[in-house]
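Data from target.tsv: TSV, C-alpha atoms
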chain	number	residue	atom	x	y	z
A	1	MET	CA	-25.05	19.43	-22.29
A	2	ALA	CA	-22.48	20.27	-24.96
A	3	ASN	CA	-20.74	23.65	-24.98
A	4	THR	CA	-19.44	24.10	-28.52
A	5	ARG	CA	-18.30	27.71	-28.90
A	6	ILE	CA	-17.41	30.66	-26.68
A	7	THR	CA	-17.16	34.31	-27.64
A	8	GLU	CA	-15.82	37.01	-25.33
A	9	LYS	CA	-16.47	40.72	-25.90
A	10	ILE	CA	-14.84	43.73	-24.25
A	11	GLU	CA	-16.43	47.08	-25.09
A	12	TYR	CA	-15.49	50.74	-24.58
A	13	LEU	CA	-17.29	53.87	-25.81
A	14	THR	CA	-15.43	56.66	-27.62
A	15	ASP	CA	-16.67	59.90	-29.22
A	16	ILE	CA	-14.48	61.22	-32.06
A	17	ILE	CA	-14.45	64.76	-33.50
A	18	THR	CA	-12.48	65.11	-36.76
A	19	ALA	CA	-11.19	68.50	-37.89
A	20	TYR	CA	-10.90	69.59	-41.53
A	21	ASP	CA	-7.15	69.05	-41.46
A	22	GLY	CA	-7.67	65.44	-40.33
A	23	HIS	CA	-6.65	65.79	-36.70
A	24	GLU	CA	-8.89	63.99	-34.22
A	25	GLN	CA	-10.14	64.79	-30.76
A	26	ARG	CA	-11.20	61.62	-29.01
A	27	LEU	CA	-13.28	61.49	-25.83
A	28	LYS	CA	-13.46	58.38	-23.65
A	29	LEU	CA	-17.08	58.15	-22.51
A	30	ARG	CA	-16.77	54.86	-20.63
A	31	GLN	CA	-14.03	54.71	-18.02
A	32	LYS	CA	-14.30	50.95	-17.50
A	33	PRO	CA	-15.15	48.46	-20.26
A	34	ARG	CA	-18.15	46.19	-20.36
A	35	TYR	CA	-17.53	42.47	-20.49
A	36	SER	CA	-19.93	39.98	-22.05
A	37	TYR	CA	-19.78	36.32	-23.04
A	38	SER	CA	-21.67	34.11	-25.45
A	39	TYR	CA	-21.84	30.35	-24.91
A	40	ASP	CA	-23.30	27.90	-27.42
A	41	TYR	CA	-25.24	25.08	-25.77
A	42	ASP	CA	-26.78	21.94	-27.26
A	43	ALA	CA	-29.38	20.16	-25.11
A	44	MET	CA	-29.94	16.57	-26.14
A	45	ASP	CA	-32.54	15.39	-23.62
A	46	LYS	CA	-35.82	16.67	-22.13
A	47	TYR	CA	-34.37	18.06	-18.90
A	48	GLN	CA	-31.62	20.07	-20.57
A	49	ALA	CA	-34.00	21.39	-23.22
A	50	GLN	CA	-36.45	22.59	-20.55
A	51	TRP	CA	-33.61	24.25	-18.66
A	52	LEU	CA	-32.53	26.20	-21.74
A	53	ARG	CA	-36.09	27.29	-22.50
A	54	GLY	CA	-36.47	28.41	-18.92
A	55	GLN	CA	-33.20	30.33	-19.05
A	56	THR	CA	-34.52	32.58	-21.83
A	57	ARG	CA	-37.28	33.76	-19.47
A	58	MET	CA	-35.03	34.84	-16.60
A	59	ARG	CA	-35.52	38.36	-15.28
A	60	GLN	CA	-32.74	40.89	-15.81
A	61	SER	CA	-32.51	41.37	-12.06
A	62	ASP	CA	-31.67	37.68	-11.52
A	63	LEU	CA	-27.91	37.20	-11.26
A	64	TRP	CA	-25.88	34.07	-11.94
A	65	TYR	CA	-22.35	33.03	-11.14
A	66	ILE	CA	-20.97	31.77	-14.45
A	67	PRO	CA	-17.74	29.74	-14.75
A	68	MET	CA	-15.35	31.23	-17.28
A	69	TRP	CA	-14.99	28.00	-19.24
A	70	HIS	CA	-12.46	29.54	-21.63
A	71	SER	CA	-10.04	30.61	-18.84
A	72	PRO	CA	-9.09	27.64	-16.66
A	73	ALA	CA	-6.00	27.55	-14.49
A	74	TYR	CA	-4.01	24.48	-13.56
A	75	LEU	CA	-2.19	23.53	-10.39
A	76	LYS	CA	1.54	24.10	-10.40
A	77	GLU	CA	1.98	21.52	-7.65
A	78	ASP	CA	-0.23	18.98	-5.90
A	79	PHE	CA	-2.55	20.31	-3.21
A	80	VAL	CA	-2.38	18.70	0.22
A	81	GLU	CA	-5.75	18.10	1.92
A	82	HIS	CA	-6.97	20.56	4.63
A	83	GLY	CA	-5.02	23.39	3.04
A	84	LYS	CA	-6.12	26.83	1.84
A	85	ALA	CA	-3.50	27.73	-0.77
A	86	LEU	CA	-3.65	26.76	-4.45
A	87	TYR	CA	-0.37	27.23	-6.32
A	88	ILE	CA	-0.72	28.11	-10.00
A	89	GLU	CA	1.58	29.53	-12.67
A	90	ASP	CA	1.68	33.33	-12.84
A	91	LYS	CA	0.48	33.35	-16.47
A	92	TYR	CA	-2.97	32.20	-15.30
A	93	MET	CA	-3.36	34.89	-12.62
A	94	TYR	CA	-4.79	37.47	-15.07
A	95	ASN	CA	-7.85	35.23	-15.53
A	96	PHE	CA	-8.91	35.85	-11.92
A	97	ARG	CA	-9.04	39.64	-12.02
A	98	ASP	CA	-12.08	40.97	-10.09
A	99	CYS	CA	-13.00	37.41	-9.20
A	100	GLU	CA	-14.16	36.68	-5.62
A	101	TYR	CA	-15.13	33.03	-6.13
A	102	ILE	CA	-13.64	30.06	-7.94
A	103	GLU	CA	-14.96	26.66	-8.94
A	104	ILE	CA	-12.67	23.65	-8.80
A	105	PHE	CA	-13.28	20.54	-10.91
A	106	TRP	CA	-11.39	17.29	-10.56
A	107	GLU	CA	-11.62	13.79	-11.95
A	108	ASP	CA	-10.99	10.59	-9.99
A	109	ASP	CA	-9.51	7.29	-11.16
A	110	PHE	CA	-12.94	6.12	-12.34
A	111	LYS	CA	-13.42	9.19	-14.56
A	112	GLN	CA	-16.04	10.57	-12.19
A	113	GLN	CA	-16.04	14.36	-11.99
A	114	SER	CA	-16.68	16.43	-8.88
A	115	ASN	CA	-16.62	20.13	-8.15
A	116	ILE	CA	-16.64	22.60	-5.27
A	117	VAL	CA	-17.00	26.38	-5.00
A	118	ARG	CA	-14.77	28.41	-2.71
A	119	ALA	CA	-14.52	32.10	-1.79
A	120	VAL	CA	-11.14	33.72	-2.35
A	121	HIS	CA	-9.36	35.37	0.56
A	122	SER	CA	-6.53	36.94	-1.46
A	123	TYR	CA	-4.35	36.61	-4.53
A	124	GLN	CA	-0.58	36.61	-4.33
A	125	PRO	CA	1.98	35.98	-7.10
A	126	GLY	CA	1.33	32.39	-8.15
A	127	VAL	CA	-1.00	31.69	-5.18
A	128	ILE	CA	-4.78	31.69	-4.66
A	129	ARG	CA	-5.56	31.78	-0.93
A	130	LEU	CA	-9.04	30.58	0.03
A	131	LYS	CA	-11.31	31.48	2.94
A	132	GLY	CA	-12.25	27.86	3.62
A	133	LYS	CA	-10.27	24.65	3.69
A	134	ILE	CA	-10.46	21.91	1.09
A	135	ASP	CA	-10.58	18.54	2.78
A	136	ILE	CA	-9.38	16.41	-0.12
A	137	PRO	CA	-6.08	16.27	-2.01
A	138	LEU	CA	-5.94	17.72	-5.53
A	139	TYR	CA	-3.47	16.73	-8.22
A	140	THR	CA	-1.90	18.63	-11.10
A	141	GLU	CA	-2.93	16.13	-13.78
A	142	ASN	CA	-6.69	16.14	-13.14
A	143	THR	CA	-7.64	19.48	-11.50
A	144	PHE	CA	-9.13	22.51	-13.25
A	145	ILE	CA	-9.74	25.89	-11.57
A	146	TYR	CA	-12.28	28.26	-13.13
A	147	PRO	CA	-13.04	31.90	-12.22
A	148	LEU	CA	-16.66	32.53	-11.24
A	149	ARG	CA	-18.15	35.87	-12.26
A	150	GLN	CA	-21.52	37.37	-11.42
A	151	CYS	CA	-23.52	37.91	-14.61
A	152	SER	CA	-26.99	38.68	-15.88
A	153	THR	CA	-28.56	37.40	-19.07
A	154	THR	CA	-29.15	39.77	-21.97
A	155	ALA	CA	-32.55	41.33	-22.53
A	156	GLN	CA	-33.40	39.14	-25.51
A	157	ASP	CA	-32.39	35.56	-26.21
A	158	GLY	CA	-33.68	32.95	-28.63
A	159	LEU	CA	-33.19	29.26	-29.31
A	160	LYS	CA	-33.65	26.68	-32.03
A	161	TYR	CA	-35.53	23.39	-31.76
A	162	VAL	CA	-33.39	20.60	-33.14
A	163	TYR	CA	-36.16	18.05	-32.60
A	164	SER	CA	-38.90	17.57	-29.98
A	165	ASN	CA	-36.42	16.93	-27.15
A	166	GLY	CA	-33.41	18.79	-28.53
A	167	THR	CA	-32.60	22.46	-28.29
A	168	ALA	CA	-29.69	24.64	-29.40
A	169	GLU	CA	-29.16	28.08	-27.89
A	170	THR	CA	-26.56	30.79	-27.54
A	171	LEU	CA	-26.67	32.15	-24.00
A	172	ASN	CA	-25.41	35.71	-23.63
A	173	PHE	CA	-24.16	36.94	-20.28
A	174	GLU	CA	-22.90	40.36	-19.21
A	175	ILE	CA	-20.72	40.83	-16.14
A	176	VAL	CA	-22.32	42.92	-13.41
A	177	SER	CA	-19.90	45.76	-12.71
A	178	LYS	CA	-18.90	46.14	-9.08
A	179	GLU	CA	-15.85	46.80	-6.99
A	180	SER	CA	-14.14	43.55	-6.10
A	181	LYS	CA	-12.99	42.98	-2.53
A	182	VAL	CA	-9.99	40.96	-3.71
A	183	THR	CA	-7.54	41.92	-6.43
A	184	ILE	CA	-4.77	40.13	-8.24
A	185	PRO	CA	-1.16	41.46	-8.12
A	186	ASN	CA	-0.59	44.60	-10.22
A	187	ASN	CA	2.09	42.87	-12.32
A	188	SER	CA	-0.50	40.39	-13.57
A	189	ILE	CA	-2.76	43.26	-14.67
A	190	TYR	CA	-0.30	45.67	-16.27
A	191	ASN	CA	2.61	43.54	-17.53
A	192	TYR	CA	1.92	43.71	-21.25
A	193	GLN	CA	3.75	41.59	-23.83
A	194	THR	CA	5.50	39.52	-21.17
A	195	ASP	CA	6.38	36.93	-23.82
A	196	ALA	CA	6.89	39.38	-26.71
A	197	ASN	CA	9.97	37.50	-27.95
A	198	TYR	CA	7.69	34.59	-28.76
A	199	PHE	CA	5.87	36.51	-31.52
A	200	ASN	CA	8.13	39.55	-32.10
A	201	ASP	CA	10.35	37.70	-34.56
A	202	PHE	CA	12.00	40.82	-36.01
A	203	GLY	CA	12.84	42.56	-32.73
A	204	LEU	CA	10.60	45.60	-33.18
A	205	PRO	CA	10.75	48.11	-30.31
A	206	GLU	CA	7.87	48.07	-27.86
A	207	GLN	CA	7.82	51.90	-27.86
A	208	PHE	CA	8.34	54.36	-30.73
A	209	MET	CA	8.00	58.16	-30.61
A	210	GLY	CA	6.43	57.91	-27.17
A	211	LYS	CA	3.70	55.48	-28.24
A	212	GLU	CA	3.32	51.73	-28.09
A	213	VAL	CA	4.08	49.49	-31.03
A	214	PHE	CA	1.61	46.68	-31.63
A	215	LEU	CA	3.76	43.61	-32.24
A	216	GLU	CA	1.23	40.94	-33.21
A	217	HIS	CA	1.01	40.19	-36.93
A	218	PRO	CA	-1.34	38.28	-39.27
A	219	GLN	CA	-0.62	34.61	-39.89
A	220	TRP	CA	-2.02	34.59	-43.47
A	221	VAL	CA	-4.09	31.45	-42.94
A	222	GLY	CA	-6.69	32.59	-45.48
A	223	ASP	CA	-7.22	35.00	-48.34
A	224	ASP	CA	-9.05	37.41	-46.06
A	225	ALA	CA	-6.54	37.42	-43.18
A	226	GLN	CA	-5.46	40.96	-44.09
A	227	SER	CA	-7.29	43.60	-46.11
A	228	LEU	CA	-6.98	47.34	-46.85
A	229	THR	CA	-9.45	50.11	-47.53
A	230	VAL	CA	-8.54	53.76	-47.95
A	231	SER	CA	-10.54	56.58	-46.36
A	232	LYS	CA	-10.43	60.21	-47.55
A	233	ASN	CA	-11.61	63.22	-45.58
A	234	THR	CA	-14.00	64.20	-48.38
A	235	GLN	CA	-17.73	64.85	-48.45
A	236	ARG	CA	-19.81	64.62	-51.59
A	237	MET	CA	-22.15	67.58	-52.05
A	238	ASP	CA	-25.68	67.69	-53.55
A	239	ASN	CA	-26.01	64.09	-54.69
A	240	ASN	CA	-29.69	64.50	-55.62
A	241	THR	CA	-29.19	66.89	-58.54
A	242	GLY	CA	-26.43	64.88	-60.13
A	243	MET	CA	-23.84	67.63	-59.76
A	244	PHE	CA	-20.30	66.32	-59.41
A	245	VAL	CA	-19.16	68.44	-56.44
A	246	PHE	CA	-16.97	67.47	-53.49
A	247	ASP	CA	-15.91	69.20	-50.31
A	248	LEU	CA	-12.21	68.24	-50.26
A	249	ARG	CA	-11.41	68.86	-46.61
A	250	ASN	CA	-7.76	67.87	-47.02
A	251	THR	CA	-5.59	65.92	-49.46
A	252	ASN	CA	-4.64	63.14	-47.05
A	253	SER	CA	-5.70	59.53	-47.33
A	254	TYR	CA	-6.01	57.20	-44.38
A	255	ASP	CA	-5.32	53.46	-44.47
A	256	ILE	CA	-7.80	51.15	-42.77
A	257	HIS	CA	-6.38	47.66	-42.25
A	258	THR	CA	-8.40	44.64	-41.18
A	259	THR	CA	-6.19	42.00	-39.60
A	260	THR	CA	-7.11	38.54	-38.33
A	261	ILE	CA	-4.80	37.33	-35.58
A	262	LEU	CA	-4.56	33.76	-34.35
A	263	LEU	CA	-3.81	33.35	-30.64
A	264	ASP	CA	-2.31	30.01	-29.66
A	265	SER	CA	-1.81	30.39	-25.90
A	266	GLN	CA	-3.47	31.95	-22.89
A	267	SER	CA	-0.55	34.38	-22.66
A	268	ARG	CA	-1.23	35.73	-26.14
A	269	ILE	CA	-4.97	35.87	-25.51
A	270	ASN	CA	-4.38	37.85	-22.33
A	271	ASN	CA	-1.88	40.12	-24.11
A	272	ILE	CA	-4.57	41.12	-26.60
A	273	LYS	CA	-6.97	41.91	-23.74
A	274	ARG	CA	-4.33	43.94	-21.90
A	275	PHE	CA	-3.48	45.87	-25.05
A	276	PHE	CA	-7.12	46.65	-25.78
A	277	GLU	CA	-7.62	47.94	-22.26
A	278	ARG	CA	-4.44	50.02	-22.48
A	279	VAL	CA	-5.62	51.83	-25.62
A	280	CYS	CA	-9.25	51.90	-24.34
A	281	GLY	CA	-10.85	50.91	-27.64
A	282	ARG	CA	-10.63	53.78	-30.15
A	283	TYR	CA	-9.29	56.26	-27.60
A	284	LYS	CA	-5.48	55.96	-27.79
A	285	SER	CA	-3.28	55.74	-30.86
A	286	PHE	CA	-0.30	53.43	-31.40
A	287	TYR	CA	2.13	52.37	-34.11
A	288	MET	CA	1.62	49.26	-36.22
A	289	PRO	CA	3.40	47.89	-39.33
A	290	THR	CA	1.19	47.20	-42.33
A	291	TRP	CA	2.92	43.79	-42.74
A	292	VAL	CA	2.77	44.03	-46.55
A	293	ASN	CA	5.49	44.97	-49.04
A	294	ASP	CA	4.62	48.64	-49.59
A	295	PHE	CA	7.94	49.32	-51.37
A	296	GLN	CA	9.81	46.82	-53.54
A	297	VAL	CA	13.55	47.53	-53.16
A	298	ASP	CA	15.30	47.21	-56.56
A	299	ARG	CA	18.84	48.42	-55.79
A	300	ASP	CA	21.17	47.63	-52.91
A	301	LEU	CA	20.83	49.81	-49.81
A	302	ARG	CA	24.01	51.62	-48.73
A	303	ALA	CA	24.67	52.95	-45.25
A	304	GLN	CA	25.70	56.41	-46.46
A	305	ASP	CA	22.54	56.94	-48.57
A	306	ASN	CA	19.36	58.67	-47.44
A	307	PHE	CA	17.20	57.20	-50.20
A	308	MET	CA	15.87	53.93	-51.64
A	309	TYR	CA	15.05	52.99	-55.24
A	310	THR	CA	12.06	51.08	-56.55
A	311	GLU	CA	10.91	50.23	-60.09
A	312	PHE	CA	7.54	51.84	-59.34
A	313	ASN	CA	8.66	55.24	-60.63
A	314	ILE	CA	5.40	57.20	-60.19
A	315	LEU	CA	4.92	56.60	-56.48
A	316	TYR	CA	5.30	60.36	-55.89
A	317	LYS	CA	1.96	60.92	-57.67
A	318	TYR	CA	0.15	58.95	-55.01
A	319	TYR	CA	2.09	59.78	-51.85
A	320	VAL	CA	3.65	63.24	-52.12
A	321	SER	CA	0.28	64.97	-51.65
A	322	ASN	CA	-0.12	63.21	-48.32
A	323	GLY	CA	1.72	65.78	-46.25
A	324	ARG	CA	1.50	63.73	-43.09
A	325	PRO	CA	4.81	62.47	-41.62
A	326	LYS	CA	5.20	58.74	-42.14
A	327	ASN	CA	7.73	56.04	-41.29
A	328	ILE	CA	8.79	52.75	-42.84
A	329	VAL	CA	10.12	49.49	-41.43
A	330	ILE	CA	12.74	47.53	-43.35
A	331	PHE	CA	12.48	43.82	-42.55
A	332	THR	CA	15.44	41.63	-43.52
A	333	LYS	CA	15.71	37.90	-44.03
A	334	ASP	CA	17.97	37.54	-41.00
A	335	PHE	CA	15.01	38.65	-38.82
A	336	LYS	CA	16.07	42.22	-38.13
A	337	SER	CA	14.09	45.43	-38.52
A	338	TYR	CA	15.07	49.06	-39.14
A	339	ILE	CA	12.69	52.01	-38.70
A	340	ARG	CA	13.32	55.12	-40.80
A	341	GLU	CA	11.37	58.37	-41.33
A	342	ILE	CA	10.22	59.36	-44.83
A	343	ALA	CA	11.07	62.92	-45.95
A	344	SER	CA	9.60	62.91	-49.48
A	345	TYR	CA	9.00	60.97	-52.70
A	346	SER	CA	10.62	61.52	-56.09
A	347	TYR	CA	12.09	59.69	-59.10
A	348	GLU	CA	15.49	59.46	-60.80
A	349	LYS	CA	16.72	58.26	-64.18
A	350	ILE	CA	19.68	55.88	-63.96
A	351	GLY	CA	20.97	54.66	-67.33
A	352	ASP	CA	18.00	53.56	-69.38
A	353	ASN	CA	15.77	53.00	-66.33
A	354	THR	CA	13.70	55.43	-64.30
A	355	TYR	CA	13.30	54.51	-60.64
A	356	GLY	CA	10.96	55.73	-57.98
A	357	LYS	CA	12.94	57.36	-55.17
A	358	LEU	CA	11.97	57.23	-51.51
A	359	ILE	CA	13.86	60.01	-49.72
A	360	LEU	CA	14.54	59.54	-46.00
A	361	SER	CA	15.09	62.13	-43.29
A	362	ASP	CA	18.52	60.70	-42.44
A	363	ARG	CA	21.05	58.22	-43.72
A	364	LEU	CA	20.16	54.56	-43.72
A	365	GLY	CA	23.09	53.76	-41.43
A	366	VAL	CA	23.20	50.12	-42.53
A	367	SER	CA	24.10	48.42	-45.82
A	368	ILE	CA	21.64	45.76	-47.01
A	369	PRO	CA	21.83	43.88	-50.33
A	370	LYS	CA	18.46	44.00	-52.09
A	371	GLU	CA	18.31	40.17	-52.03
A	372	GLU	CA	18.34	40.27	-48.21
A	373	VAL	CA	15.38	42.66	-47.91
A	374	LEU	CA	12.27	40.72	-46.97
A	375	MET	CA	9.87	43.65	-47.25
A	376	VAL	CA	9.58	47.38	-46.64
A	377	CYS	CA	6.28	48.44	-45.14
A	378	TYR	CA	4.77	51.51	-43.55
A	379	LEU	CA	4.86	51.92	-39.79
A	380	ASN	CA	1.55	53.72	-39.45
A	381	LEU	CA	0.23	55.73	-36.53
A	382	VAL	CA	-3.20	54.16	-36.05
A	383	ARG	CA	-6.04	53.68	-33.63
A	384	LEU	CA	-8.55	50.89	-33.43
A	385	ASP	CA	-11.60	51.59	-35.58
A	386	ASN	CA	-13.92	49.70	-33.25
A	387	ASP	CA	-14.68	50.04	-29.54
A	388	GLU	CA	-15.31	46.30	-29.28
A	389	LEU	CA	-12.77	43.52	-28.97
A	390	VAL	CA	-14.34	40.18	-29.91
A	391	ILE	CA	-12.39	36.99	-29.18
A	392	ASN	CA	-13.67	33.71	-30.62
A	393	TYR	CA	-12.42	30.67	-28.73
A	394	GLU	CA	-11.80	27.29	-30.33
A	395	ASN	CA	-10.70	25.99	-26.94
A	396	ASN	CA	-9.08	27.48	-23.84
A	397	ILE	CA	-5.68	28.01	-25.54
A	398	VAL	CA	-6.63	28.67	-29.18
A	399	ALA	CA	-8.65	31.71	-30.24
A	400	ASN	CA	-8.80	34.34	-32.95
A	401	THR	CA	-9.73	37.98	-33.17
A	402	THR	CA	-10.07	40.53	-35.96
A	403	LEU	CA	-8.70	44.04	-35.45
A	404	VAL	CA	-9.62	47.00	-37.64
A	405	THR	CA	-7.07	49.84	-37.41
A	406	LYS	CA	-7.40	53.32	-38.94
A	407	GLU	CA	-4.51	55.63	-39.73
A	408	VAL	CA	-4.82	58.91	-37.83
A	409	ASP	CA	-3.35	62.37	-37.38
A	410	ASP	CA	-2.78	63.16	-33.72
A	411	LEU	CA	-2.32	66.65	-32.34
A	412	ILE	CA	0.50	65.37	-30.14
For the structure just supplied, provide its representation as structure tokens.
Amino acid sequence: MANTRITEKIEYLTDIITAYDGHEQRLKLRQKPRYSYSYDYDAMDKYQAQWLRGQTRMRQSDLWYIPMWHSPAYLKEDFVEHGKALYIEDKYMYNFRDCEYIEIFWEDDFKQQSNIVRAVHSYQPGVIRLKGKIDIPLYTENTFIYPLRQCSTTAQDGLKYVYSNGTAETLNFEIVSKESKVTIPNNSIYNYQTDANYFNDFGLPEQFMGKEVFLEHPQWVGDDAQSLTVSKNTQRMDNNTGMFVFDLRNTNSYDIHTTTILLDSQSRINNIKRFFERVCGRYKSFYMPTWVNDFQVDRDLRAQDNFMYTEFNILYKYYVSNGRPKNIVIFTKDFKSYIREIASYSYEKIGDNTYGKLILSDRLGVSIPKEEVLMVCYLNLVRLDNDELVINYENNIVANTTLVTKEVDDLI
């Protein structure tokens, strides 16, 4: 039976109350997230097709142990027969959180596959200790270790008939929440961005103004990898009569960015999950660069100046009414970044040219020729605009996810 695609979903529940001045009060209604998985199956013979059709009729009270096919771990060293300890790399330990059973697959010299299920006694850094012995040797090059999680099927499933003996179905499973008797080390749960240098090319700080900075960025693999919509805290009144009346609650506008992120390792996939669980869906705010050139620098930047010039000389018309404090990030071609706070927007006539003027709260503190500026973008205070994190897996080390972030005003 072919398994062609896997989707993982982590879901919180947040209630948001927005005041007239734009500030939000956010309430976390679900203390622990829900986890669900979708697996695409293709049955190409009578037995497999009957099994899939039977699966759609399972009762909700019937529970299954499902291998997490997208999260295998590999042996760090060969396993000696009659032992109880499996040594794996620490980066795989996160996959076994709240997991009391594992399934081990191996392949022999004749390409024959076998598998066994074992209960876990405990997890230690880099070690899975089992309750029962394994009486055969296992080798690093042909052994795969999968977490087993107790799941139930969703209330409604459907399938497609490919032909009389063929069936295609997406099976949806939801993890049954319960307290696990065995836990992985705390470092494996909470160590976020353990390999940040791998994707934080410009050396952005992990914390800014007491909040986290989201370091992942779009890879621009398609025209829709990054998009922007702008939300205004405005309500249109009396649409039925044709009257052109608005309730302008405040003059601020709020950027909503949609960003597709490619994840090319289990570490990066797990980092996204850790981050989502740290911010609890829409509940917590964080800082994130827009990753687009919001300001084109048209004159050299000098360390003693507290301003920047751009040819777009009417930027004040669009931004000065947004009274919310904002910051920018200056990215340079030598892979450095500089965060500065914006004080106001203006313009200035120099010779025959009129330039837009971005006024900063303090001096730049660094001199940068305009040719060395890669881009200047906003560093927005945002929250996720969705309580669901959906990860689409191409295989166990390549996946993608789309994040929608909304600019916010926080009371603190």
A:Ile391, A:Ile328, A:Val182, A:Met58: which is nearest Thr153 of chain A, counting only C-alpha atoms?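 Counting only C-alpha atoms, the residue closest to Thr153 of chain A is A:Met58.
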When distances are computed from all atoms listed in the file, which of A:Thr143, A:Asn252, A:Ser231, A:Thr332 shows the smallest separation from His23 of chain A?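 Going through A:Thr143, A:Asn252, A:Ser231, A:Thr332 one by one, the smallest distance to His23 of chain A is for A:Asn252.
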With a distance cut-off of 7 Å and all atoms listed in the file, select the neighbouring residues of Tyr37 of chain A, excluding the residue or stretch itself and same-chain residues fewer than 2 positions from it, and output the selection as a list in words. Thr7, Glu8, Lys9, Tyr39, Asn172, Phe173 and Glu174 of chain A
Among listed residues A:Asp352, A:Asp255, A:Asp15, A:Asp45, nearest Lys326 of chain A (using only C-alpha atoms): A:Asp255
One residue among A:Asp90, A:Leu204, A:Trp291, A:Leu138 is nearest to Gln226 of chain A when using all atoms listed in the file, and that residue is A:Trp291
What separates atom CA of Pro205 of chain A and atom CA of Val382 of chain A is a distance of 16.3 Å
Tell me, in Å to one decimal, how far atom CA of Asp294 of chain A is from atom CA of Gly356 of chain A.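 Those two atoms sit 12.7 Å apart.
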Might you pull out every residue within 10 Å of segment 402-411 of chain A, with only C-alpha atoms counted and same-chain residues fewer than 6 positions away left off, and present them as a tab-separated table (two decimals) with C-alpha atoms, keeping the file's coordinate frame?
chain	number	residue	atom	x	y	z
A	18	THR	CA	-12.48	65.11	-36.76
A	19	ALA	CA	-11.19	68.50	-37.89
A	21	ASP	CA	-7.15	69.05	-41.46
A	22	GLY	CA	-7.67	65.44	-40.33
A	23	HIS	CA	-6.65	65.79	-36.70
A	24	GLU	CA	-8.89	63.99	-34.22
A	25	GLN	CA	-10.14	64.79	-30.76
A	26	ARG	CA	-11.20	61.62	-29.01
A	218	PRO	CA	-1.34	38.28	-39.27
A	225	ALA	CA	-6.54	37.42	-43.18
A	226	GLN	CA	-5.46	40.96	-44.09
A	227	SER	CA	-7.29	43.60	-46.11
A	228	LEU	CA	-6.98	47.34	-46.85
A	229	THR	CA	-9.45	50.11	-47.53
A	230	VAL	CA	-8.54	53.76	-47.95
A	231	SER	CA	-10.54	56.58	-46.36
A	252	ASN	CA	-4.64	63.14	-47.05
A	253	SER	CA	-5.70	59.53	-47.33
A	254	TYR	CA	-6.01	57.20	-44.38
A	255	ASP	CA	-5.32	53.46	-44.47
A	256	ILE	CA	-7.80	51.15	-42.77
A	257	HIS	CA	-6.38	47.66	-42.25
A	258	THR	CA	-8.40	44.64	-41.18
A	259	THR	CA	-6.19	42.00	-39.60
A	260	THR	CA	-7.11	38.54	-38.33
A	261	ILE	CA	-4.80	37.33	-35.58
A	262	LEU	CA	-4.56	33.76	-34.35
A	282	ARG	CA	-10.63	53.78	-30.15
A	284	LYS	CA	-5.48	55.96	-27.79
A	285	SER	CA	-3.28	55.74	-30.86
A	286	PHE	CA	-0.30	53.43	-31.40
A	287	TYR	CA	2.13	52.37	-34.11
A	288	MET	CA	1.62	49.26	-36.22
A	290	THR	CA	1.19	47.20	-42.33
A	324	ARG	CA	1.50	63.73	-43.09
A	325	PRO	CA	4.81	62.47	-41.62
A	380	ASN	CA	1.55	53.72	-39.45
A	381	LEU	CA	0.23	55.73	-36.53
A	382	VAL	CA	-3.20	54.16	-36.05
A	383	ARG	CA	-6.04	53.68	-33.63
A	384	LEU	CA	-8.55	50.89	-33.43
A	385	ASP	CA	-11.60	51.59	-35.58
A	386	ASN	CA	-13.92	49.70	-33.25
A	388	GLU	CA	-15.31	46.30	-29.28
A	389	LEU	CA	-12.77	43.52	-28.97
A	390	VAL	CA	-14.34	40.18	-29.91
A	391	ILE	CA	-12.39	36.99	-29.18
A	392	ASN	CA	-13.67	33.71	-30.62
Could you state the separation of atom CA of Glu103 of chain A and atom CA of Gly132 of chain A in Å, given to one decimal place?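 That distance, rounded to one decimal, is 12.9 Å.
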Leaving out Tyr318 of chain A and any residue of its chain fewer than 5 positions from it, which residues lie within 12 Å of it when counting all atoms listed in the file, given as a JSON list (two decimals) with C-alpha atoms, in the frame of the given file?
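So the final result, stored in around-v7.json, reads:
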[["chain", "number", "residue", "atom", "x", "y", "z"],
["A", 251, "THR", "CA", -5.59, 65.92, -49.46],
["A", 252, "ASN", "CA", -4.64, 63.14, -47.05],
["A", 253, "SER", "CA", -5.70, 59.53, -47.33],
["A", 312, "PHE", "CA", 7.54, 51.84, -59.34],
["A", 313, "ASN", "CA", 8.66, 55.24, -60.63],
["A", 323, "GLY", "CA", 1.72, 65.78, -46.25],
["A", 344, "SER", "CA", 9.60, 62.91, -49.48],
["A", 345, "TYR", "CA", 9.00, 60.97, -52.70],
["A", 346, "SER", "CA", 10.62, 61.52, -56.09],
["A", 356, "GLY", "CA", 10.96, 55.73, -57.98]]
Around the point (-2.5, 19.7, 0.4) in the file's coordinates, collect all residues with an atom within 9 Å, using all atoms listed in the file, and return them as a PyMOL selection string. chain A and resi 78-86+134-138
Spatial neighbours of Tyr123 of chain A, 8 Å, only C-alpha atoms, chain gap at least 4 places, as a ChimeraX atom specification: /A:127-129,182-185
Just-selected residues, C-alpha atoms written as a short mmCIF file (atom, residue, chain, number, x, y, z; two decimals), in the frame of the given file:
data_model
loop_
_atom_site.label_atom_id
_atom_site.label_comp_id
_atom_site.auth_asym_id
_atom_site.auth_seq_id
_atom_site.Cartn_x
_atom_site.Cartn_y
_atom_site.Cartn_z
CA VAL A 127 -1.00 31.69 -5.18
CA ILE A 128 -4.78 31.69 -4.66
CA ARG A 129 -5.56 31.78 -0.93
CA VAL A 182 -9.99 40.96 -3.71
CA THR A 183 -7.54 41.92 -6.43
CA ILE A 184 -4.77 40.13 -8.24
CA PRO A 185 -1.16 41.46 -8.12
#
